[in-house]
file model17.txt (compact mmCIF, C-alpha atoms)
# COMPACT_ATOMS: atom_id res chain seq x y z
CA MET A 15 37.62 -6.64 0.55
CA ASP A 16 35.87 -3.75 2.28
CA GLU A 17 34.52 -2.53 -1.07
CA LEU A 18 33.16 -6.00 -1.79
CA ALA A 19 31.49 -6.13 1.62
CA LYS A 20 29.89 -2.72 1.04
CA ALA A 21 28.67 -3.79 -2.41
CA VAL A 22 27.13 -6.99 -1.00
CA GLN A 23 25.53 -5.01 1.83
CA LYS A 24 24.08 -2.47 -0.63
CA LYS A 25 22.69 -5.23 -2.85
CA TYR A 26 21.17 -7.00 0.19
CA ILE A 27 19.46 -3.83 1.37
CA GLU A 28 18.12 -3.10 -2.13
CA ASP A 29 16.73 -6.63 -2.46
CA LEU A 30 15.22 -6.46 1.01
CA MET A 31 13.54 -3.09 0.37
CA SER A 32 12.16 -4.28 -2.99
CA LYS A 33 10.56 -7.34 -1.40
CA TYR A 34 9.67 -5.73 1.93
CA PRO A 35 8.70 -2.06 1.34
CA ILE A 36 9.51 0.59 3.94
CA HIS A 37 5.87 1.06 4.95
CA ARG A 38 5.76 -2.56 6.16
CA PHE A 39 8.69 -1.86 8.46
CA ILE A 40 6.63 1.03 9.86
CA ILE A 41 3.66 -1.33 10.30
CA LEU A 42 5.93 -3.81 12.08
CA LEU A 43 7.08 -0.98 14.36
CA ILE A 44 3.46 -0.03 15.08
CA PHE A 45 2.68 -3.58 16.20
CA MET A 46 5.87 -3.83 18.23
CA LEU A 47 4.95 -0.62 20.00
CA SER A 48 1.37 -1.75 20.61
CA LEU A 49 2.43 -5.14 22.05
CA TYR A 50 4.97 -3.37 24.25
CA ILE A 51 2.27 -1.06 25.60
CA TYR A 52 -0.22 -3.88 26.18
CA ASN A 53 2.21 -6.43 27.64
CA VAL A 54 5.36 -4.75 28.97
CA ALA A 55 4.09 -1.32 29.98
CA ASN A 56 0.86 -2.98 31.23
CA ASN A 57 -1.30 -0.24 29.78
CA ALA A 58 -4.82 -1.36 28.87
CA ARG A 59 -5.29 1.35 26.22
CA LEU A 60 -3.02 2.01 23.27
CA VAL A 61 -3.89 5.72 23.11
CA ASP A 62 -2.85 6.27 26.73
CA GLY A 63 0.28 4.19 26.28
CA VAL A 64 1.44 6.06 23.18
CA GLY A 65 1.07 9.31 25.10
CA GLU A 66 3.64 8.07 27.62
CA ILE A 67 6.21 6.83 25.09
CA LYS A 68 9.11 9.13 24.21
CA VAL A 69 10.48 9.28 20.68
CA SER A 70 14.00 8.58 21.98
CA PHE A 71 12.74 5.29 23.44
CA ILE A 72 11.73 4.06 19.97
CA PHE A 73 15.15 4.80 18.43
CA ASP A 74 17.23 3.68 21.41
CA PHE A 75 18.56 0.31 20.22
CA LYS A 76 20.32 -0.43 23.50
CA ASN A 77 17.68 0.26 26.14
CA GLY A 78 14.64 1.16 24.04
CA LEU A 79 11.77 -0.59 22.31
CA LEU A 80 13.75 -3.23 20.40
CA SER A 81 15.56 -4.37 23.52
CA SER A 82 12.23 -4.75 25.36
CA VAL A 83 10.46 -6.90 22.77
CA THR A 84 10.81 -10.66 23.11
CA ILE A 85 11.34 -13.08 20.21
CA GLN A 86 7.79 -14.34 20.73
CA GLN A 87 6.38 -10.82 20.51
CA LEU A 88 8.48 -10.09 17.42
CA PHE A 89 7.13 -13.23 15.78
CA MET A 90 3.58 -12.14 16.63
CA CYS A 91 4.28 -8.72 15.13
CA LEU A 92 5.50 -10.31 11.90
CA ILE A 93 2.31 -12.38 11.74
CA LEU A 94 0.19 -9.27 12.36
CA THR A 95 2.09 -7.41 9.63
CA TYR A 96 1.40 -10.19 7.15
CA LEU A 97 -2.23 -10.38 8.30
CA THR A 98 -2.59 -6.62 7.78
CA ARG A 99 -1.21 -6.94 4.26
CA TRP A 100 -3.60 -9.78 3.43
CA LEU A 101 -6.70 -8.18 4.97
CA TYR A 102 -5.97 -4.83 3.35
CA GLY A 103 -5.55 -6.57 0.00
CA CYS A 104 -8.90 -8.33 0.43
CA LEU A 105 -10.57 -5.05 1.42
CA SER A 106 -9.08 -3.21 -1.56
CA GLU A 107 -10.19 -5.92 -3.97
CA TYR A 108 -13.71 -5.97 -2.50
CA VAL A 109 -14.13 -2.18 -2.64
CA PHE A 110 -12.75 -2.07 -6.19
CA LYS A 111 -15.21 -4.73 -7.38
CA LEU A 112 -18.05 -2.98 -5.57
CA LEU A 113 -17.28 0.40 -7.14
CA SER A 114 -16.75 -1.23 -10.55
CA LYS A 115 -20.40 -2.28 -10.57
CA SER A 116 -21.55 1.34 -10.39
CA THR A 117 -20.95 1.97 -14.12
CA ASP A 118 -20.35 -0.04 -17.28
CA PHE A 119 -16.58 0.37 -17.34
CA ASP A 120 -16.21 -2.27 -20.05
CA GLU A 121 -17.91 0.15 -22.42
CA TYR A 122 -15.70 2.95 -21.09
CA THR A 123 -12.50 1.01 -21.83
CA LYS A 124 -13.85 -0.11 -25.21
CA LYS A 125 -14.34 3.52 -26.31
CA ILE A 126 -10.80 4.46 -25.23
CA ILE A 127 -9.31 1.56 -27.18
CA GLU A 128 -11.37 2.44 -30.27
CA ASN A 129 -10.26 6.09 -30.12
CA VAL A 130 -6.59 5.12 -29.79
CA ASP A 131 -6.94 2.64 -32.65
CA LYS A 132 -8.29 5.41 -34.87
CA ALA A 133 -5.57 7.89 -33.90
CA LYS A 134 -2.47 5.65 -33.92
CA SER A 135 -0.07 5.53 -36.84
CA ASN A 136 0.31 2.71 -39.33
CA ASP A 137 4.03 2.81 -38.58
CA ASN A 138 4.73 0.54 -35.58
CA LEU A 139 8.00 2.33 -34.86
CA ILE A 140 6.20 5.64 -34.38
CA ASN A 141 3.67 3.92 -32.14
CA TYR A 142 6.50 2.45 -30.09
CA TYR A 143 8.13 5.83 -29.44
CA VAL A 144 4.78 7.40 -28.58
CA SER A 145 4.09 4.54 -26.16
CA ARG A 146 7.38 5.29 -24.38
CA ASP A 147 6.14 8.80 -23.53
CA VAL A 148 2.83 7.34 -22.40
CA SER A 149 4.72 4.80 -20.24
CA GLN A 150 6.39 7.61 -18.29
CA GLU A 151 3.03 9.11 -17.35
CA LEU A 152 1.71 5.63 -16.62
CA GLU A 153 4.56 4.93 -14.20
CA LYS A 154 3.81 8.18 -12.34
CA SER A 155 0.19 7.10 -11.95
CA ARG A 156 1.20 3.61 -10.84
CA THR A 157 3.59 5.08 -8.25
CA TYR A 158 0.85 7.36 -6.90
CA ILE A 159 -1.59 4.47 -6.53
CA LYS A 160 1.01 2.32 -4.76
CA SER A 161 2.03 5.12 -2.38
CA THR A 162 -1.56 5.91 -1.39
CA HIS A 163 -2.27 2.22 -0.87
CA ALA A 164 0.83 2.10 1.37
CA SER A 165 -0.68 4.92 3.44
CA GLY A 166 -3.98 3.05 3.57
CA GLU A 167 -2.25 -0.13 4.73
CA MET A 168 -0.48 1.76 7.53
CA LEU A 169 -3.77 3.28 8.66
CA PHE A 170 -5.36 -0.16 8.56
CA SER A 171 -2.58 -1.46 10.84
CA ILE A 172 -3.55 1.23 13.37
CA VAL A 173 -7.13 -0.08 13.29
CA ILE A 174 -5.85 -3.58 14.09
CA ALA A 175 -3.43 -2.29 16.76
CA LEU A 176 -6.22 -0.40 18.50
CA SER A 177 -8.48 -3.45 18.27
CA LEU A 178 -5.89 -5.54 20.12
CA GLY A 179 -7.07 -3.77 23.27
CA GLY A 180 -10.04 -6.15 23.28
CA VAL A 181 -12.42 -5.73 26.23
CA ASN A 182 -10.51 -2.64 27.40
CA ILE A 183 -11.59 -0.62 24.36
CA GLN A 184 -13.55 2.46 25.40
CA ILE A 185 -15.98 4.58 23.41
CA THR A 186 -13.21 7.02 22.44
CA ASP A 187 -11.15 4.10 21.10
CA PHE A 188 -14.12 2.83 19.14
CA LEU A 189 -14.69 6.28 17.65
CA LEU A 190 -11.00 6.50 16.72
CA ILE A 191 -11.09 3.04 15.11
CA THR A 192 -14.18 4.08 13.13
CA ALA A 193 -12.57 7.35 12.03
CA VAL A 194 -9.34 5.68 10.90
CA PHE A 195 -11.25 2.94 9.09
CA CYS A 196 -13.29 5.60 7.29
CA CYS A 197 -10.00 7.15 6.15
CA VAL A 198 -8.96 3.74 4.79
CA ILE A 199 -12.23 3.47 2.84
CA PHE A 200 -11.79 7.03 1.56
CA ILE A 201 -8.36 6.07 0.22
CA GLN A 202 -9.95 3.13 -1.61
CA TRP A 203 -12.51 5.44 -3.20
CA ARG A 204 -9.89 8.08 -4.05
CA ASN A 205 -7.63 5.50 -5.66
CA PHE A 206 -10.53 4.12 -7.66
CA THR A 207 -11.43 7.53 -9.07
CA TYR A 208 -7.76 8.22 -9.79
CA TYR A 209 -7.47 4.84 -11.50
CA ILE A 210 -10.37 5.69 -13.81
CA SER A 211 -9.29 9.22 -14.68
CA ASN A 212 -5.48 9.05 -14.60
CA PHE A 213 -4.34 5.45 -14.91
CA ILE A 214 -6.62 3.43 -17.17
CA PRO A 215 -6.54 5.91 -20.12
CA TYR A 216 -2.71 5.84 -20.22
CA TYR A 217 -2.64 2.09 -19.65
CA LEU A 218 -5.06 1.31 -22.46
CA THR A 219 -3.28 3.76 -24.75
CA GLU A 220 0.08 2.12 -24.13
CA LYS A 221 -1.24 -1.41 -24.65
CA THR A 222 -3.18 -0.48 -27.79
CA LEU A 223 -0.18 1.30 -29.35
CA LEU A 224 1.93 -1.79 -28.73
CA GLY A 225 -0.76 -4.11 -30.06
CA SER A 226 -1.35 -5.83 -26.72
CA THR A 227 -4.65 -6.66 -25.07
CA ALA A 228 -5.85 -4.90 -21.92
CA LYS A 229 -8.93 -4.78 -19.75
CA PHE A 230 -10.42 -2.79 -16.91
CA GLY A 231 -8.92 -3.85 -13.59
CA ASP A 232 -5.37 -4.32 -14.84
CA ILE A 233 -2.57 -2.37 -13.19

call {"tool": "encode", "arguments": {"input": "model17.txt", "output": "structure tokens"}}
result
Amino acid sequence: MDELAKAVQKKYIEDLMSKYPIHRFIILLIFMLSLYIYNVANNARLVDGVGEIKVSFIFDFKNGLLSSVTIQQLFMCLILTYLTRWLYGCLSEYVFKLLSKSTDFDEYTKKIIENVDKAKSNDNLINYYVSRDVSQELEKSRTYIKSTHASGEMLFSIVIALSLGGVNIQITDFLLITAVFCCVIFIQWRNFTYYISNFIPYYLTEKTLLGSTAKFGDI
């Protein structure tokens, strides 16, 4: 019975982590901490409040942060986490479309597909096994893009958390918000350049070898 309970628990955790990645738990924690500082600790500035929080307080489940947050505040943090995800997604899509207009990437992808078509074998089985090797490199690129976007989303949550200070935001807070937001934009640009140089060639190669269609912007 204990083994069954452990197996169910493991499966539940795996399903939860697949649908709710670890970086979103960190974002949720960031918002919980910020609401605690603004409402419970009565500190008008997040930067000052964070400086007074001890690490042990965050991980103390009995008398620490989690015990101090109300159900209402937790619900607000969940909404802010979802809002961060949505806004970051909109920002990423906008920046990607904006950067895509800088060059004719349709012509770029067309040339890659033509080159693969010329080089691939007439034997579909050979093409299949070659595509498996390409898929491994493709998965590494996809993992890199997802991990850097996760970092960008966490940074974006800090921008929102700092902005919750409202009228109490000082010039140093504004400069910090600007600096963090610039880091978020840099991540968008870095991911775009990585997508062009490391992802799209492997992606188009894999799809062409398997006889599938592909276009710029797929991931």

call {"tool": "atom_distance", "arguments": {"input": "model17.txt", "atom1": "atom CA of A:Ile127", "atom2": "atom CA of A:Leu105"}}
result
29.4 Å

call {"tool": "residues_around", "arguments": {"input": "model17.txt", "residues": "A:Asn138", "least_positions_apart": "5", "cutoff": "12 Å", "atoms": "all atoms listed in the file", "output": "PDB file with C-alpha atoms, in the frame of the given file"}}
result
ATOM      1  CA  TYR A 143       8.130   5.830 -29.440  1.00  0.00           C
ATOM      2  CA  VAL A 144       4.780   7.400 -28.580  1.00  0.00           C
ATOM      3  CA  SER A 145       4.090   4.540 -26.160  1.00  0.00           C
ATOM      4  CA  THR A 222      -3.180  -0.480 -27.790  1.00  0.00           C
ATOM      5  CA  LEU A 223      -0.180   1.300 -29.350  1.00  0.00           C
ATOM      6  CA  LEU A 224       1.930  -1.790 -28.730  1.00  0.00           C
ATOM      7  CA  GLY A 225      -0.760  -4.110 -30.060  1.00  0.00           C
TER       8      GLY A 225
END

call {"tool": "atom_distance", "arguments": {"input": "model17.txt", "atom1": "atom CA of A:Asp62", "atom2": "atom CA of A:Trp100"}}
result
28.3 Å

call {"tool": "atom_distance", "arguments": {"input": "model17.txt", "atom1": "atom CA of A:Ile159", "atom2": "atom CA of A:Phe213"}}
result
8.9 Å

call {"tool": "residues_around", "arguments": {"input": "model17.txt", "residues": "A:Leu113", "least_positions_apart": "3", "cutoff": "12 Å", "atoms": "all atoms listed in the file", "output": "list in words"}}
result
Ser106, Glu107, Tyr108, Val109, Phe110, Ser116, Thr117, Asp118, Phe119, Ile199, Gln202, Trp203, Arg204, Asn205, Phe206, Thr207, Tyr209, Ile210 and Gly231 of chain A

call {"tool": "axis_aligned_box", "arguments": {"input": "model17.txt", "around": "stretch 111-127 of chain A", "padding_each_side": "6 Å", "output": "lines of an AutoDock Vina configuration file"}}
result
center_x = -15.4
center_y = -0.1
center_z = -16.4
size_x = 24.2
size_y = 21.2
size_z = 33.6

call {"tool": "closest_residue", "arguments": {"input": "model17.txt", "among": "A:Thr162, A:Asn141, A:Ile126, A:Ala133", "to": "A:Ile214", "atoms": "only C-alpha atoms"}}
result
A:Ile126

call {"tool": "residues_around", "arguments": {"input": "model17.txt", "residues": "A:Leu42", "least_positions_apart": "5", "cutoff": "10 Å", "atoms": "only C-alpha atoms", "output": "list in words"}}
result
Ile36, His37, Leu47, Ser48, Leu88, Met90, Cys91, Leu92, Ile93, Leu94, Thr95, Tyr96, Thr98, Met168 and Ser171 of chain A

call {"tool": "residues_around", "arguments": {"input": "model17.txt", "residues": "A:Gly179", "least_positions_apart": "4", "cutoff": "12 Å", "atoms": "only C-alpha atoms", "output": "list in words"}}
result
Ser48, Leu49, Ile51, Tyr52, Asn53, Asn56, Asn57, Ala58, Arg59, Leu60, Val61, Asp62, Gly63, Ile172, Val173, Ile174, Ala175, Ile183, Gln184, Asp187, Phe188 and Ile191 of chain A

call {"tool": "closest_residue", "arguments": {"input": "model17.txt", "among": "A:Ser165, A:Ser149, A:Ser135, A:Ser70", "to": "A:Cys197", "atoms": "all atoms listed in the file"}}
result
A:Ser165

call {"tool": "closest_residue", "arguments": {"input": "model17.txt", "among": "A:Arg146, A:Ala193, A:Tyr217, A:Val69", "to": "A:Lys229", "atoms": "all atoms listed in the file"}}
result
A:Tyr217

call {"tool": "decode", "arguments": {"input": "model17.txt", "residues": "stretch 51-90 of chain A", "atoms": "N, CA and C atoms", "output": "PDB file, in the first residue's frame"}}
result
ATOM      1  N   ILE A  51       5.768  41.921   1.815  1.00  0.00           N
ATOM      2  CA  ILE A  51       6.518  43.144   2.141  1.00  0.00           C
ATOM      3  C   ILE A  51       5.609  44.365   2.087  1.00  0.00           C
ATOM      4  N   TYR A  52       4.772  44.439   1.058  1.00  0.00           N
ATOM      5  CA  TYR A  52       3.904  45.611   0.900  1.00  0.00           C
ATOM      6  C   TYR A  52       2.770  45.651   1.933  1.00  0.00           C
ATOM      7  N   ASN A  53       2.221  44.491   2.275  1.00  0.00           N
ATOM      8  CA  ASN A  53       1.012  44.463   3.102  1.00  0.00           C
ATOM      9  C   ASN A  53       1.238  44.056   4.555  1.00  0.00           C
ATOM     10  N   VAL A  54       2.058  43.029   4.781  1.00  0.00           N
ATOM     11  CA  VAL A  54       2.263  42.534   6.142  1.00  0.00           C
ATOM     12  C   VAL A  54       3.401  43.263   6.834  1.00  0.00           C
ATOM     13  N   ALA A  55       4.532  43.366   6.143  1.00  0.00           N
ATOM     14  CA  ALA A  55       5.684  44.061   6.723  1.00  0.00           C
ATOM     15  C   ALA A  55       5.531  45.581   6.659  1.00  0.00           C
ATOM     16  N   ASN A  56       4.512  46.049   5.903  1.00  0.00           N
ATOM     17  CA  ASN A  56       4.225  47.483   5.779  1.00  0.00           C
ATOM     18  C   ASN A  56       5.429  48.278   5.302  1.00  0.00           C
ATOM     19  N   ASN A  57       6.134  47.714   4.334  1.00  0.00           N
ATOM     20  CA  ASN A  57       7.278  48.402   3.751  1.00  0.00           C
ATOM     21  C   ASN A  57       6.853  48.927   2.387  1.00  0.00           C
ATOM     22  N   ALA A  58       7.053  50.230   2.169  1.00  0.00           N
ATOM     23  CA  ALA A  58       6.581  50.857   0.930  1.00  0.00           C
ATOM     24  C   ALA A  58       7.424  50.474  -0.278  1.00  0.00           C
ATOM     25  N   ARG A  59       8.664  50.033  -0.056  1.00  0.00           N
ATOM     26  CA  ARG A  59       9.561  49.715  -1.165  1.00  0.00           C
ATOM     27  C   ARG A  59      10.009  48.265  -1.090  1.00  0.00           C
ATOM     28  N   LEU A  60       9.914  47.586  -2.221  1.00  0.00           N
ATOM     29  CA  LEU A  60      10.275  46.171  -2.287  1.00  0.00           C
ATOM     30  C   LEU A  60      11.757  45.961  -2.026  1.00  0.00           C
ATOM     31  N   VAL A  61      12.598  46.837  -2.569  1.00  0.00           N
ATOM     32  CA  VAL A  61      14.045  46.702  -2.415  1.00  0.00           C
ATOM     33  C   VAL A  61      14.438  46.766  -0.950  1.00  0.00           C
ATOM     34  N   ASP A  62      13.865  47.721  -0.208  1.00  0.00           N
ATOM     35  CA  ASP A  62      14.163  47.832   1.219  1.00  0.00           C
ATOM     36  C   ASP A  62      13.650  46.621   1.981  1.00  0.00           C
ATOM     37  N   GLY A  63      12.447  46.165   1.596  1.00  0.00           N
ATOM     38  CA  GLY A  63      11.848  45.032   2.289  1.00  0.00           C
ATOM     39  C   GLY A  63      12.624  43.751   2.095  1.00  0.00           C
ATOM     40  N   VAL A  64      13.098  43.502   0.881  1.00  0.00           N
ATOM     41  CA  VAL A  64      13.879  42.302   0.596  1.00  0.00           C
ATOM     42  C   VAL A  64      15.162  42.295   1.420  1.00  0.00           C
ATOM     43  N   GLY A  65      15.733  43.469   1.618  1.00  0.00           N
ATOM     44  CA  GLY A  65      16.961  43.579   2.406  1.00  0.00           C
ATOM     45  C   GLY A  65      16.788  43.195   3.864  1.00  0.00           C
ATOM     46  N   GLU A  66      15.546  43.209   4.337  1.00  0.00           N
ATOM     47  CA  GLU A  66      15.258  42.876   5.735  1.00  0.00           C
ATOM     48  C   GLU A  66      14.789  41.435   5.917  1.00  0.00           C
ATOM     49  N   ILE A  67      14.512  40.739   4.809  1.00  0.00           N
ATOM     50  CA  ILE A  67      14.016  39.364   4.883  1.00  0.00           C
ATOM     51  C   ILE A  67      15.186  38.387   4.977  1.00  0.00           C
ATOM     52  N   LYS A  68      15.089  37.445   5.906  1.00  0.00           N
ATOM     53  CA  LYS A  68      16.105  36.407   6.040  1.00  0.00           C
ATOM     54  C   LYS A  68      15.705  35.184   5.208  1.00  0.00           C
ATOM     55  N   VAL A  69      16.709  34.481   4.712  1.00  0.00           N
ATOM     56  CA  VAL A  69      16.455  33.306   3.883  1.00  0.00           C
ATOM     57  C   VAL A  69      15.683  32.254   4.670  1.00  0.00           C
ATOM     58  N   SER A  70      15.999  32.106   5.947  1.00  0.00           N
ATOM     59  CA  SER A  70      15.317  31.116   6.788  1.00  0.00           C
ATOM     60  C   SER A  70      13.827  31.399   6.891  1.00  0.00           C
ATOM     61  N   PHE A  71      13.442  32.682   6.802  1.00  0.00           N
ATOM     62  CA  PHE A  71      12.031  33.065   6.888  1.00  0.00           C
ATOM     63  C   PHE A  71      11.244  32.527   5.692  1.00  0.00           C
ATOM     64  N   ILE A  72      11.886  32.493   4.528  1.00  0.00           N
ATOM     65  CA  ILE A  72      11.225  32.014   3.309  1.00  0.00           C
ATOM     66  C   ILE A  72      10.960  30.517   3.385  1.00  0.00           C
ATOM     67  N   PHE A  73      11.909  29.760   3.980  1.00  0.00           N
ATOM     68  CA  PHE A  73      11.789  28.297   3.998  1.00  0.00           C
ATOM     69  C   PHE A  73      11.241  27.755   5.321  1.00  0.00           C
ATOM     70  N   ASP A  74      10.826  28.662   6.200  1.00  0.00           N
ATOM     71  CA  ASP A  74      10.202  28.244   7.455  1.00  0.00           C
ATOM     72  C   ASP A  74       8.703  28.077   7.224  1.00  0.00           C
ATOM     73  N   PHE A  75       8.248  26.824   7.084  1.00  0.00           N
ATOM     74  CA  PHE A  75       6.846  26.570   6.758  1.00  0.00           C
ATOM     75  C   PHE A  75       5.909  26.735   7.955  1.00  0.00           C
ATOM     76  N   LYS A  76       6.477  26.818   9.146  1.00  0.00           N
ATOM     77  CA  LYS A  76       5.644  26.937  10.343  1.00  0.00           C
ATOM     78  C   LYS A  76       5.396  28.390  10.724  1.00  0.00           C
ATOM     79  N   ASN A  77       6.455  29.180  10.759  1.00  0.00           N
ATOM     80  CA  ASN A  77       6.331  30.582  11.173  1.00  0.00           C
ATOM     81  C   ASN A  77       6.857  31.565  10.128  1.00  0.00           C
ATOM     82  N   GLY A  78       7.103  31.088   8.918  1.00  0.00           N
ATOM     83  CA  GLY A  78       7.709  31.927   7.892  1.00  0.00           C
ATOM     84  C   GLY A  78       6.721  32.551   6.932  1.00  0.00           C
ATOM     85  N   LEU A  79       7.158  32.689   5.687  1.00  0.00           N
ATOM     86  CA  LEU A  79       6.400  33.400   4.661  1.00  0.00           C
ATOM     87  C   LEU A  79       5.046  32.760   4.395  1.00  0.00           C
ATOM     88  N   LEU A  80       5.021  31.446   4.188  1.00  0.00           N
ATOM     89  CA  LEU A  80       3.776  30.768   3.826  1.00  0.00           C
ATOM     90  C   LEU A  80       2.708  30.889   4.907  1.00  0.00           C
ATOM     91  N   SER A  81       3.145  30.895   6.159  1.00  0.00           N
ATOM     92  CA  SER A  81       2.182  31.020   7.252  1.00  0.00           C
ATOM     93  C   SER A  81       1.662  32.440   7.404  1.00  0.00           C
ATOM     94  N   SER A  82       2.342  33.405   6.778  1.00  0.00           N
ATOM     95  CA  SER A  82       1.955  34.820   6.909  1.00  0.00           C
ATOM     96  C   SER A  82       1.070  35.298   5.767  1.00  0.00           C
ATOM     97  N   VAL A  83       1.005  34.520   4.691  1.00  0.00           N
ATOM     98  CA  VAL A  83       0.230  34.915   3.515  1.00  0.00           C
ATOM     99  C   VAL A  83      -1.202  34.412   3.652  1.00  0.00           C
ATOM    100  N   THR A  84      -2.159  35.289   3.428  1.00  0.00           N
ATOM    101  CA  THR A  84      -3.572  34.911   3.509  1.00  0.00           C
ATOM    102  C   THR A  84      -4.008  34.227   2.213  1.00  0.00           C
ATOM    103  N   ILE A  85      -5.185  33.581   2.271  1.00  0.00           N
ATOM    104  CA  ILE A  85      -5.742  32.925   1.084  1.00  0.00           C
ATOM    105  C   ILE A  85      -5.998  33.958  -0.012  1.00  0.00           C
ATOM    106  N   GLN A  86      -6.455  35.138   0.378  1.00  0.00           N
ATOM    107  CA  GLN A  86      -6.708  36.208  -0.591  1.00  0.00           C
ATOM    108  C   GLN A  86      -5.420  36.629  -1.288  1.00  0.00           C
ATOM    109  N   GLN A  87      -4.360  36.785  -0.510  1.00  0.00           N
ATOM    110  CA  GLN A  87      -3.070  37.169  -1.089  1.00  0.00           C
ATOM    111  C   GLN A  87      -2.514  36.066  -1.989  1.00  0.00           C
ATOM    112  N   LEU A  88      -2.704  34.800  -1.576  1.00  0.00           N
ATOM    113  CA  LEU A  88      -2.258  33.686  -2.399  1.00  0.00           C
ATOM    114  C   LEU A  88      -3.001  33.668  -3.730  1.00  0.00           C
ATOM    115  N   PHE A  89      -4.289  33.936  -3.687  1.00  0.00           N
ATOM    116  CA  PHE A  89      -5.094  33.985  -4.908  1.00  0.00           C
ATOM    117  C   PHE A  89      -4.610  35.113  -5.815  1.00  0.00           C
ATOM    118  N   MET A  90      -4.290  36.255  -5.228  1.00  0.00           N
ATOM    119  CA  MET A  90      -3.760  37.382  -6.000  1.00  0.00           C
ATOM    120  C   MET A  90      -2.420  37.022  -6.636  1.00  0.00           C
TER     121      MET A  90
END
